[in-house]
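These notes are about the structure you will find just below.
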Amino acid sequence: MAPEKRADDLLARLPLGDKAGLMFQPLAGVGDFDAPGPIGYPSTQTLLDRRINHFNTLQAPGARELAEWANAVQEEARTQPFAIPVTISSDPRHAFGNNPGTGLASGPFSQWPEPLGFGALDDAELMQRYGDIVRREYRAVGISLGLHPQIDLATDPRWSRAGGTYGESVEITRRLGVAYVRGLQGERLGPDSVAAMGKHFPGGGPQLDGEDPHFDYGREQVYPGRMWDLHLQPFKDVIAAGISQMMPYYGVPMGTEYEEVGFSFNRKIVNDLLRQQLGFDGIVCSDWGIIGATPWGVEHLTFEQRMIKALDAGIDQFGGEAIPDVLVGLVRAGKLSEARIDESARRLLREKFTLGLFDNPFVDAERAEAVVGAADARETGLAAQAAAHTLLVNSPGSARLPLRHGISVYVEGMDPLALAGRANVVATPQEADVAILRTAAPFEQRGYPGDLESFFHAGSLDFPDEDVQHLQEIASAAPTVVGVYLDRGAILTPLLPHVDSLIAEFGASDEAFARVLFGEAEPRGRLPMELPSSMTAVRASRPDVPSDSENPAFEFGFGLRYEDWRPRPHPTEEEQFATTLARRSGGRYRLNRTSIGLLLKDPDARTILAEGVPELLDHPMLNVALGMDVRSVLTMVVGGADESRLQRTLTRLSML
């Protein structure tokens, strides 16, 4: 029987409460069913008792642990009267993002560049291959829904979500978005597929002042360049490719023909544009928490009225909510028809049948360990990380890339072990032939550590004066190579007088970076977005228009190449043992700028952290905070209750 008929058959027998349970997708904690859920959510058992059967998992434990938890969830679901299997979903978890609102640390999964890195490569074949690997790894652990791809256009360099996009180019985004959907779903959605959710309809890039609508001050989405259709185009393409789900954004369209309310509350956006004009009959899931946390434009409505307005707009499922009893109450009070509930429940059941979850929701936990993070996938991901590097400056001299083997180097911002067999690491720049610095695009730290806002990289793109001065001091002692991780734009202009070679990357391990530096891999990326020359130029630009700043430091598509490059071999074990690695003694880290992830790679620092803040290593938010600075993470873990312990730990770290 076809999935549509099976869905109709089951729907006709479901009580209202079970139908309502289909329409919510909260976060669920991996592990003990009775333990409190993450970030204030109910326990897994409570969610199941509420007949909720779509779970979004945030954590990244081992593959076997995740697979065994998924099987346990499905076993419990089968004890319920209608045995509706659980659809387990995930945000992106195959790259380097450490923002729990936008993506997850990769954990056991193979690791690749951020989407911006794929935009820098513009390789649709690689994109589809990557999507297929994500599909296999997800299904191996029981995940059948990906809350991606993000096919917004990064037309404002300040936007904190730019790292999840393919950049500012509509043509690149169209190609890669379709390729990724085909990698996840195949030519048609089926039992071996992962359903894809395109976001954020109808395009979330053109935010006023580059802010983000997760927060009240960033709610306005603006189109001064009249580029609405440009931002909409990638969604048309993935709909034509058969994408299964769509997510509207939180933003409010300003100065358009549409009602000035959040997109999930906007009937002309969801029903008229997406459903009727574009012919989309898949699932429309709201972004997380629109009813209680981000009800932009409808704050004056009651909680129940907001839910009704979203359903009237065409929303099928509420992301991040776990309140089917409210929906049931609205139907029983005559404020919603059960027929409207049936419309969404039918789509949600149809996808479960199409994905084969009713037939076999279980996975092989032993096989999951072999599939997830397999050696070939890891090596392919590492090669993609290296290739996505984008060479911006490569001056003559000893710091010209690729570097010579066997030189003496001073390093900051990376694990010196990554250079074993390639160079001798010295403790000071004065001893070095070349200084190598890894840094990241600047941002303004906002919110209290641990709050959602604290994870978003937003605000000015200018490097702090102290960073520029520090670079100048290093460069005065040795020719300098700087690698900048771009999770959004950055004003690189102040760095240019002090660097001999400058390279941008979009999520790369120390090993991938080292391979590029020493010629074992070639940087093949081209900038997926323009890098402006000043914040004055950024503020004068239009948020919906690509490449719109005056006299950019680096134009979209810019990228140098190595001359006459031939790949060098990776270092042998013998070569690794032959090199020396010295760590700086005193002042090794600038704690207000150094990530906790980097410190955890340093055995000395890890020992201090384990002794001073032992709860850090098991903290449930650590895997999504690896990119945050040390002080913010420790404040999040320790809180304000034990300031003296926090200061003692920071003092010990500062003495390294």
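By order in the structure tokens, chains are A, B, ...; within a chain, residues start at 1; ligands start at 1, following the order shown.
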
Q: Can you pull out every residue within 9 Å of Asp364 of chain A, counting only C-alpha atoms, but drop anything in the same chain fewer than 2 positions away, and send it as a PyMOL selection string?
A: chain A and resi 64+67-68+71+140-141+362+366-368

**Q.** Near-segment 646-651 of chain A list (12 Å; only C-alpha atoms; drop same-chain fewer than 3 positions) as a ChimeraX atom specification
**A.** /A:586-587,589-592,596,599,605-614,616,629-643,654-656

Please save C-alpha atoms of the selected residues as a PDB file, in the first residue's frame.
```pdb
ATOM      1  CA  GLY A 586      54.293  31.920  30.467  1.00  0.00           C
ATOM      2  CA  GLY A 587      51.688  33.876  28.518  1.00  0.00           C
ATOM      3  CA  TYR A 589      47.280  31.858  25.946  1.00  0.00           C
ATOM      4  CA  ARG A 590      45.256  35.052  25.794  1.00  0.00           C
ATOM      5  CA  LEU A 591      42.270  33.721  27.692  1.00  0.00           C
ATOM      6  CA  ASN A 592      39.776  36.325  26.508  1.00  0.00           C
ATOM      7  CA  ILE A 596      38.135  26.205  25.219  1.00  0.00           C
ATOM      8  CA  LEU A 599      42.995  24.527  25.607  1.00  0.00           C
ATOM      9  CA  ALA A 605      45.853  23.131  30.224  1.00  0.00           C
ATOM     10  CA  ARG A 606      43.542  20.111  30.232  1.00  0.00           C
ATOM     11  CA  THR A 607      45.059  18.960  33.542  1.00  0.00           C
ATOM     12  CA  ILE A 608      44.457  22.390  35.098  1.00  0.00           C
ATOM     13  CA  LEU A 609      40.870  22.446  33.833  1.00  0.00           C
ATOM     14  CA  ALA A 610      40.178  18.917  35.107  1.00  0.00           C
ATOM     15  CA  GLU A 611      41.533  19.797  38.539  1.00  0.00           C
ATOM     16  CA  GLY A 612      39.958  23.233  38.839  1.00  0.00           C
ATOM     17  CA  VAL A 613      36.598  22.675  37.160  1.00  0.00           C
ATOM     18  CA  PRO A 614      36.106  18.885  37.037  1.00  0.00           C
ATOM     19  CA  LEU A 616      33.543  20.903  32.754  1.00  0.00           C
ATOM     20  CA  ASP A 629      36.464  31.677  24.813  1.00  0.00           C
ATOM     21  CA  VAL A 630      37.730  30.058  27.989  1.00  0.00           C
ATOM     22  CA  ARG A 631      36.409  32.613  30.453  1.00  0.00           C
ATOM     23  CA  SER A 632      32.861  32.491  29.033  1.00  0.00           C
ATOM     24  CA  VAL A 633      32.725  28.690  29.095  1.00  0.00           C
ATOM     25  CA  LEU A 634      34.037  28.429  32.640  1.00  0.00           C
ATOM     26  CA  THR A 635      31.557  31.097  33.760  1.00  0.00           C
ATOM     27  CA  MET A 636      28.771  29.090  32.132  1.00  0.00           C
ATOM     28  CA  VAL A 637      29.851  25.926  33.966  1.00  0.00           C
ATOM     29  CA  VAL A 638      30.720  27.370  37.371  1.00  0.00           C
ATOM     30  CA  GLY A 639      28.180  30.195  37.412  1.00  0.00           C
ATOM     31  CA  GLY A 640      28.325  33.026  39.902  1.00  0.00           C
ATOM     32  CA  ALA A 641      28.289  30.756  42.936  1.00  0.00           C
ATOM     33  CA  ASP A 642      32.021  30.039  43.047  1.00  0.00           C
ATOM     34  CA  GLU A 643      33.869  33.025  41.624  1.00  0.00           C
ATOM     35  CA  SER A 654      47.428  32.342  32.525  1.00  0.00           C
ATOM     36  CA  MET A 655      50.736  31.121  33.984  1.00  0.00           C
ATOM     37  CA  LEU A 656      51.221  28.487  31.258  1.00  0.00           C
TER      38      LEU A 656
END
```

**Q.** segment 215-222 of chain A environment, 6 Å, only C-alpha atoms, sequence neighbours closer than 5 positions dropped, as a list in words
**A.**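 Surrounding residues, per the criterion: Pro206, Gln207, Leu208, Gly251, Val252, Pro253 and Met254 of chain A.
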
Q.
Which residue is closest to Asp122 of chain A? Choose from A:Ala179, A:Leu626, A:Ala83, A:Leu495 and count only C-alpha atoms.
A. A:Ala179

Q | Picked from segment 386-592 of chain A by DSSP as strand (DSSP E), as a count of residues only | A | 30

Q.
Give me the residues near segment 257-268 of chain A as an MDAnalysis selection string, where near means some atom within 7 Å (using only C-alpha atoms) and where sequence neighbours in that chain fewer than 3 positions away do not count.
A. chainID A and resid 248:254 271:273 286 295:298 309:310 312:315
